[in-house]
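Heads up, the thing below is written out as structure tokens.
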Amino acid sequence: MYLKSLLLKQFRNYIDQEVTFTAPKTVIVGNNAQGKSNLLEAVLLLATMRSHRVSKDRDLVRNGEALGEIKAICQRSPEGYPIELLMRMRASGRRSLSINGVNQARHLDFLGNLNAVMFSSLDLDLVRGSPESRRSWLDTVLIQLEPIYINLLQQYNQVLRQRNALLKSIKQGKTQYEPQQMALWDTQLVTAGTRLMRRRSRLLNRLTPIARTWHQQISGGDEYLEITYVPKFEFAPLDSIEEIHQAFFAALLQKTIIEQHQGTTLVGPHRDEVALTINDTPAREYGSQGQQRTLVLALKLAELELLESVIGEPPLLLLDDVLAELDLQRQDHLLNAIGDRVQTIITTTHLGSFEAQWLNSGQIFQVANGKIIQS
Ligand SMILES: Nc1ncnc2c1ncn2[C@@H]1O[C@H](COP(=O)(O)OP(=O)(O)OP(=O)(O)O)[C@@H](O)[C@H]1O
Ligand SMILES: [Mg+2]
């Protein structure tokens, strides 16, 4: 996966900025709040359609403007032909997408042209944050691995919103509870929800052994990493769809009264958890900040390796201000894992804050106030 150039128009604090990438590693240097993370966010948006920081396009479009644009020229393989990806965002919320100038009505068709793995300080939330951040991580990986997942996710969220609206209305006494009406929503929730859960659980089964190997290598010890999908009701990866549906219905039935009382849906993939444990201790309670960072690094390397093996090309690696936080040994692991094979974009406030090796075969840009110059 190669990113040849990026054009940002009225995106975040950029007005009209083109960047041409000519080396396996690009280092973007700048003070705080100059636009480093914004640039990586733009690349991640093309790869996943999602921002890791905000959910509303209004925040992505430059303040006071109606329309923002991210355009990229990329190439899937060294022999591949260049593809132009264009994402237009509106403060009003509607997006449009095109590939080589041809409008794409479906998100699904846009995905898969550029793949990327982001590693930022926000990723420490994978260990320390709420279940939401771990679910969101799984979703982001799945969107790239199996683009159809973005549709499944949208379908589920739509059913969930409507079912929640009904429950809220029942709670407020505006609507009477009718079992038959609720059963229709239950069926849709169970059908759409099971699809997400099976894919998430399958993903973890593939990621875990890779992450465990990286984790053991980097920590250099006897630490045993376990990653488990913890749904609100039990099912085994090999259960048939019917069996999962049954368990899902049964779990909903158990919550009928409390759901009406709380006015919201309490069972389903939007409530599931991913448990990270090291030597049988929950990772958030295990060890120092450095050890937690090691875990996140192992998860990110696993994500990279899995994407590469499925897609057949290494994804881009976006390192947002994290190198300086890794000690030299961990930086070496990362360097060895990516070599010059993985195109990497690195942001930092100080060039001197990480190993000089990163600058070999690299190009360096300075960013100040939404303007980028090559130095
Ligand atoms: N929609 C927007 N319109 C205009 N400016 C924006 C918009 N969204 C963010 N900004 C500006 O972008 C800047 C932040 O950029 P960014 O997050 O890329 O900083 P950074 O260089 O990564 O800094 P740090 O080193 O602190 O992480 C802030 O000045 C913020 O006000
Ligand atoms: Mg930043």
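Labeling convention for the structure tokens: chains A, B, ... as they appear, residues from 1 per chain, ligands from 1 in order of appearance.
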Could you produce a table of the residues of chain A lying within 7 Å of ligand 2, with the nearest pair of atoms per residue and their separation in Å rounded to one decimal, using only C-alpha atoms and all ligand atoms, ordered by chain and increasing residue number, as JSON lines?
```
{"residue": "A:Asn32", "atom": "CA", "partner": "ligand 2", "partner_atom_place_in_ligand_line": "1 (Mg)", "distance": 6.8}
{"residue": "A:Ala33", "atom": "CA", "partner": "ligand 2", "partner_atom_place_in_ligand_line": "1 (Mg)", "distance": 6.6}
{"residue": "A:Lys36", "atom": "CA", "partner": "ligand 2", "partner_atom_place_in_ligand_line": "1 (Mg)", "distance": 5.4}
{"residue": "A:Ser37", "atom": "CA", "partner": "ligand 2", "partner_atom_place_in_ligand_line": "1 (Mg)", "distance": 4.0}
{"residue": "A:Asp320", "atom": "CA", "partner": "ligand 2", "partner_atom_place_in_ligand_line": "1 (Mg)", "distance": 6.5}
{"residue": "A:Asp321", "atom": "CA", "partner": "ligand 2", "partner_atom_place_in_ligand_line": "1 (Mg)", "distance": 6.7}
```
Which residues are near ligand 1 in this structure, taking near to mean any atom at most 10 Å from a ligand atom and counting only C-alpha atoms and all ligand atoms? Format them as a VMD selection string.
chain A and resid 10 to 15 28 to 42 53 to 54 57 to 65 68 91 120 to 121 320 to 321 347 to 350 367 to 370
Contact check, region 50-156 of chain A to region 168-191 of chain A, at most 12 Å, counting only C-alpha atoms, closest pairs as JSON lines:
```
{"residue": "A:Leu152", "atom": "CA", "partner": "A:Thr191", "partner_atom": "CA", "distance": 10.2}
{"residue": "A:Leu153", "atom": "CA", "partner": "A:Leu189", "partner_atom": "CA", "distance": 11.5}
{"residue": "A:Gln155", "atom": "CA", "partner": "A:Leu189", "partner_atom": "CA", "distance": 9.3}
{"residue": "A:Tyr156", "atom": "CA", "partner": "A:Leu189", "partner_atom": "CA", "distance": 6.7}
```
For the residues selected in the previous step, produce a file with N, CA and C atoms as a short mmCIF file (atom, residue, chain, number, x, y, z; two decimals), in the first residue's frame.
```cif
data_model
loop_
_atom_site.label_atom_id
_atom_site.label_comp_id
_atom_site.auth_asym_id
_atom_site.auth_seq_id
_atom_site.Cartn_x
_atom_site.Cartn_y
_atom_site.Cartn_z
N LEU A 152 -23.03 -3.77 7.69
CA LEU A 152 -23.64 -4.52 8.80
C LEU A 152 -23.71 -3.65 10.06
N LEU A 153 -22.65 -2.87 10.24
CA LEU A 153 -22.61 -1.99 11.40
C LEU A 153 -23.70 -0.91 11.31
N GLN A 155 -26.48 -1.12 9.64
CA GLN A 155 -27.80 -1.75 9.81
C GLN A 155 -28.09 -1.97 11.29
N TYR A 156 -27.10 -2.48 11.99
CA TYR A 156 -27.33 -2.74 13.43
C TYR A 156 -27.61 -1.44 14.17
#
```
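Put simply, CA of Asp272 (chain A) is 7.4 Å away from CA of Pro131 (chain A).
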Could you pull out the strand (DSSP E or B) residues of region 257-370 of chain A, going by DSSP on the backbone, and write them as a CSV table (one decimal) with C-alpha atoms, in the first residue's frame?
```
chain,number,residue,atom,x,y,z
A,273,GLU,CA,-16.6,-6.3,26.0
A,274,VAL,CA,-13.1,-7.4,25.0
A,275,ALA,CA,-11.1,-8.7,27.9
A,276,LEU,CA,-7.4,-8.3,27.8
A,277,THR,CA,-5.5,-10.3,30.5
A,278,ILE,CA,-1.8,-10.9,31.1
A,281,THR,CA,-4.7,-10.5,35.5
A,282,PRO,CA,-6.8,-7.8,33.8
A,316,LEU,CA,0.3,2.2,5.9
A,317,LEU,CA,1.5,2.7,9.4
A,318,LEU,CA,0.6,6.0,11.1
A,319,LEU,CA,2.5,6.7,14.2
A,320,ASP,CA,1.0,9.8,16.0
A,344,THR,CA,5.2,4.9,7.6
A,345,ILE,CA,4.2,8.4,8.5
A,346,ILE,CA,5.5,9.6,11.9
A,347,THR,CA,4.6,12.7,13.8
A,348,THR,CA,6.7,14.3,16.5
A,362,GLY,CA,13.1,9.2,5.5
A,363,GLN,CA,11.8,12.5,4.3
A,364,ILE,CA,11.1,15.3,6.8
A,365,PHE,CA,8.4,17.9,6.8
A,366,GLN,CA,7.8,20.8,9.1
A,367,VAL,CA,4.2,21.8,9.9
A,368,ALA,CA,3.2,25.1,11.3
```
Mind the document's chain letters and residue numbers, and return as a compact mmCIF listing (two decimals) with N, CA and C atoms, in the first residue's frame the residues of region 50-181 of chain A that DSSP labels helix (DSSP H, G or I).
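Printed below is result-v9.txt as written:
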```txt
# COMPACT_ATOMS: atom_id res chain seq x y z
N ASP A 57 -18.87 15.09 10.99
CA ASP A 57 -18.11 15.73 9.92
C ASP A 57 -17.99 17.24 10.14
N ARG A 58 -18.93 17.80 10.88
CA ARG A 58 -18.87 19.23 11.17
C ARG A 58 -17.52 19.60 11.80
N ASP A 59 -16.97 18.68 12.61
CA ASP A 59 -15.69 18.96 13.26
C ASP A 59 -14.50 18.81 12.31
N LEU A 60 -14.72 18.07 11.24
CA LEU A 60 -13.60 17.80 10.31
C LEU A 60 -13.45 18.92 9.28
N HIS A 107 -20.31 3.21 0.42
CA HIS A 107 -19.06 3.26 1.19
C HIS A 107 -18.21 2.04 0.92
N LEU A 108 -18.93 0.92 0.81
CA LEU A 108 -18.31 -0.38 0.61
C LEU A 108 -17.35 -0.40 -0.57
N ASP A 109 -17.71 0.30 -1.63
CA ASP A 109 -16.87 0.26 -2.83
C ASP A 109 -15.63 1.14 -2.69
N PHE A 110 -15.72 2.08 -1.79
CA PHE A 110 -14.59 3.00 -1.59
C PHE A 110 -13.51 2.34 -0.73
N SER A 121 -1.46 8.06 20.90
CA SER A 121 -1.53 7.98 22.36
C SER A 121 -2.94 7.63 22.82
N LEU A 122 -3.94 7.92 21.97
CA LEU A 122 -5.32 7.54 22.32
C LEU A 122 -5.45 6.03 22.46
N ASP A 123 -4.54 5.28 21.83
CA ASP A 123 -4.64 3.83 21.86
C ASP A 123 -4.36 3.23 23.23
N LEU A 124 -3.78 4.01 24.12
CA LEU A 124 -3.63 3.49 25.49
C LEU A 124 -4.99 3.20 26.09
N ASP A 125 -6.02 3.87 25.56
CA ASP A 125 -7.39 3.59 25.99
C ASP A 125 -7.78 2.14 25.73
N LEU A 126 -7.09 1.49 24.81
CA LEU A 126 -7.40 0.09 24.56
C LEU A 126 -7.20 -0.73 25.82
N VAL A 127 -6.24 -0.34 26.63
CA VAL A 127 -6.02 -1.03 27.89
C VAL A 127 -6.77 -0.36 29.03
N ARG A 128 -6.68 0.96 29.07
CA ARG A 128 -7.18 1.63 30.27
C ARG A 128 -8.59 2.19 30.12
N PRO A 131 -15.00 -0.06 27.61
CA PRO A 131 -15.22 -1.09 26.58
C PRO A 131 -15.47 -0.48 25.20
N GLU A 132 -16.06 0.70 25.19
CA GLU A 132 -16.35 1.39 23.93
C GLU A 132 -15.10 1.50 23.04
N SER A 133 -13.94 1.82 23.65
CA SER A 133 -12.75 2.00 22.81
C SER A 133 -12.28 0.66 22.23
N ARG A 134 -12.48 -0.42 22.97
CA ARG A 134 -12.08 -1.73 22.44
C ARG A 134 -13.05 -2.19 21.34
N ARG A 135 -14.33 -1.93 21.54
CA ARG A 135 -15.28 -2.28 20.47
C ARG A 135 -14.97 -1.49 19.21
N SER A 136 -14.68 -0.22 19.41
CA SER A 136 -14.42 0.64 18.27
C SER A 136 -13.16 0.18 17.51
N TRP A 137 -12.19 -0.31 18.27
CA TRP A 137 -10.98 -0.84 17.63
C TRP A 137 -11.32 -2.06 16.76
N LEU A 138 -12.08 -2.99 17.32
CA LEU A 138 -12.48 -4.16 16.52
C LEU A 138 -13.21 -3.73 15.26
N ASP A 139 -14.12 -2.77 15.41
CA ASP A 139 -14.90 -2.33 14.27
C ASP A 139 -14.00 -1.72 13.19
N THR A 140 -13.03 -0.92 13.62
CA THR A 140 -12.14 -0.28 12.65
C THR A 140 -11.31 -1.32 11.90
N VAL A 141 -10.84 -2.34 12.61
CA VAL A 141 -10.07 -3.38 11.94
C VAL A 141 -10.97 -4.14 10.97
N LEU A 142 -12.18 -4.46 11.41
CA LEU A 142 -13.09 -5.24 10.56
C LEU A 142 -13.50 -4.49 9.31
N ILE A 143 -13.69 -3.18 9.44
CA ILE A 143 -14.09 -2.38 8.28
C ILE A 143 -13.04 -2.53 7.17
N GLN A 144 -11.77 -2.62 7.59
CA GLN A 144 -10.73 -2.75 6.57
C GLN A 144 -10.57 -4.20 6.09
N LEU A 145 -10.74 -5.15 7.00
CA LEU A 145 -10.55 -6.56 6.63
C LEU A 145 -11.70 -7.07 5.78
N ILE A 148 -17.63 -5.20 3.89
CA ILE A 148 -19.08 -5.36 4.04
C ILE A 148 -19.49 -5.04 5.48
N TYR A 149 -18.54 -5.16 6.39
CA TYR A 149 -18.83 -4.93 7.81
C TYR A 149 -19.38 -3.52 8.05
N ILE A 150 -18.96 -2.56 7.23
CA ILE A 150 -19.44 -1.19 7.45
C ILE A 150 -20.96 -1.13 7.23
N ASN A 151 -21.46 -1.92 6.29
CA ASN A 151 -22.92 -1.97 6.08
C ASN A 151 -23.61 -2.66 7.25
N LEU A 152 -23.03 -3.77 7.69
CA LEU A 152 -23.64 -4.52 8.80
C LEU A 152 -23.71 -3.65 10.06
N LEU A 153 -22.65 -2.87 10.24
CA LEU A 153 -22.61 -1.99 11.40
C LEU A 153 -23.70 -0.91 11.31
N GLN A 154 -23.83 -0.34 10.13
CA GLN A 154 -24.87 0.67 9.94
C GLN A 154 -26.26 0.09 10.16
N GLN A 155 -26.48 -1.12 9.64
CA GLN A 155 -27.80 -1.75 9.81
C GLN A 155 -28.09 -1.97 11.29
N TYR A 156 -27.10 -2.48 11.99
CA TYR A 156 -27.33 -2.74 13.43
C TYR A 156 -27.61 -1.44 14.17
N ASN A 157 -26.80 -0.42 13.90
CA ASN A 157 -26.98 0.84 14.63
C ASN A 157 -28.35 1.46 14.36
N GLN A 158 -28.84 1.26 13.15
CA GLN A 158 -30.16 1.79 12.82
C GLN A 158 -31.26 1.06 13.61
N VAL A 159 -31.19 -0.26 13.63
CA VAL A 159 -32.18 -1.04 14.39
C VAL A 159 -32.10 -0.66 15.88
N LEU A 160 -30.86 -0.54 16.36
CA LEU A 160 -30.66 -0.22 17.77
C LEU A 160 -31.28 1.14 18.11
N ARG A 161 -31.04 2.12 17.25
CA ARG A 161 -31.60 3.46 17.49
C ARG A 161 -33.12 3.41 17.59
N GLN A 162 -33.73 2.66 16.67
CA GLN A 162 -35.18 2.61 16.63
C GLN A 162 -35.75 1.84 17.83
N ARG A 163 -35.08 0.75 18.17
CA ARG A 163 -35.54 -0.02 19.32
C ARG A 163 -35.39 0.82 20.60
N ASN A 164 -34.27 1.54 20.70
CA ASN A 164 -34.08 2.40 21.87
C ASN A 164 -35.14 3.50 21.94
N ALA A 165 -35.49 4.06 20.79
CA ALA A 165 -36.50 5.12 20.76
C ALA A 165 -37.84 4.58 21.27
N LEU A 166 -38.15 3.34 20.86
CA LEU A 166 -39.40 2.73 21.32
C LEU A 166 -39.36 2.50 22.83
N LEU A 167 -38.25 1.96 23.31
CA LEU A 167 -38.13 1.68 24.75
C LEU A 167 -38.22 2.97 25.56
N LYS A 168 -37.63 4.02 25.03
CA LYS A 168 -37.65 5.30 25.74
C LYS A 168 -39.08 5.83 25.82
N SER A 169 -39.77 5.68 24.70
CA SER A 169 -41.14 6.15 24.65
C SER A 169 -42.04 5.35 25.60
N ILE A 170 -41.75 4.05 25.74
CA ILE A 170 -42.49 3.22 26.70
C ILE A 170 -42.19 3.68 28.12
N LYS A 171 -40.91 3.93 28.36
CA LYS A 171 -40.51 4.37 29.69
C LYS A 171 -41.22 5.67 30.08
N PRO A 179 -46.09 -6.63 23.19
CA PRO A 179 -45.11 -7.70 22.95
C PRO A 179 -44.90 -7.99 21.47
N GLN A 180 -45.97 -7.93 20.69
CA GLN A 180 -45.81 -8.28 19.27
C GLN A 180 -44.96 -7.26 18.52
N GLN A 181 -45.20 -5.99 18.86
CA GLN A 181 -44.42 -4.93 18.22
C GLN A 181 -42.94 -5.06 18.62
```
Considering only C-alpha atoms, tabulate each residue of region 189-281 of chain A that lies at most 10 Å from region 331-341 of chain A along with its nearest interatomic pair and the corresponding distance in Å to one decimal; arrange the rows by chain and ascending residue number and present them as JSON lines.
```
{"residue": "A:Trp214", "atom": "CA", "partner": "A:His333", "partner_atom": "CA", "distance": 9.0}
{"residue": "A:Gln217", "atom": "CA", "partner": "A:His333", "partner_atom": "CA", "distance": 8.5}
{"residue": "A:Ile218", "atom": "CA", "partner": "A:His333", "partner_atom": "CA", "distance": 6.8}
```
So the first atom is CA of Gly263 (chain A) and the second is CA of Ala236 (chain A); what is the distance between them in Å, to one decimal place?
29.4 Å
Work out how far apart CA of Val43 (chain A) and CA of Asn115 (chain A) are and give it in Å to one decimal.
9.0 Å
Selected residue, from A:Arg271, A:Lys4, A:Arg50, A:Arg94, that lies nearest to Thr22 (chain A) when counting only C-alpha atoms
A:Lys4
Counting only C-alpha atoms, the residue among A:Leu252, A:Ile257, A:Leu297, A:Leu204 that lies closest to Tyr229 (chain A) is A:Leu204
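Residues in contact with Ile210 (chain A) at 12 Å, where only C-alpha atoms are counted and same-chain residues fewer than 5 positions away are skipped, are listed as Leu203, Leu204, Asn205, His215, Gln216, Gln217, Leu225, Glu226, Ile227, Leu297, Ala298, Leu299, Lys300, Leu301, Ala302, Glu303, Leu304, Glu305, Leu306, Leu307 and Ser309 of chain A.
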Find the residues near region 98-101 of chain A: any atom within 8 Å, counting only C-alpha atoms, skip ones fewer than 6 places away on the same chain, and give them as a PyMOL selection string.
chain A and resi 83-87+110
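Closest approach to Ala23 (chain A) among A:Ile311, A:Leu3, A:Leu253, A:Met118 is made by A:Leu3 (distances from only C-alpha atoms).
The residue that comes closest to Leu44 (chain A), out of A:Tyr224, A:Lys232, A:Asn113, A:Tyr81 and on the basis of only C-alpha atoms, is A:Asn113.
Nearest residue to Arg206 (chain A) among A:Val310, A:Ile373, A:Val27, A:Ala47 is A:Val310, counting only C-alpha atoms.
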Give the answer as one residue: which of A:Leu67, A:Pro315, A:Ala192, A:Ala324 has the shortest atom-to-atom distance to Ile244 (chain A), using only C-alpha atoms?
A:Ala192
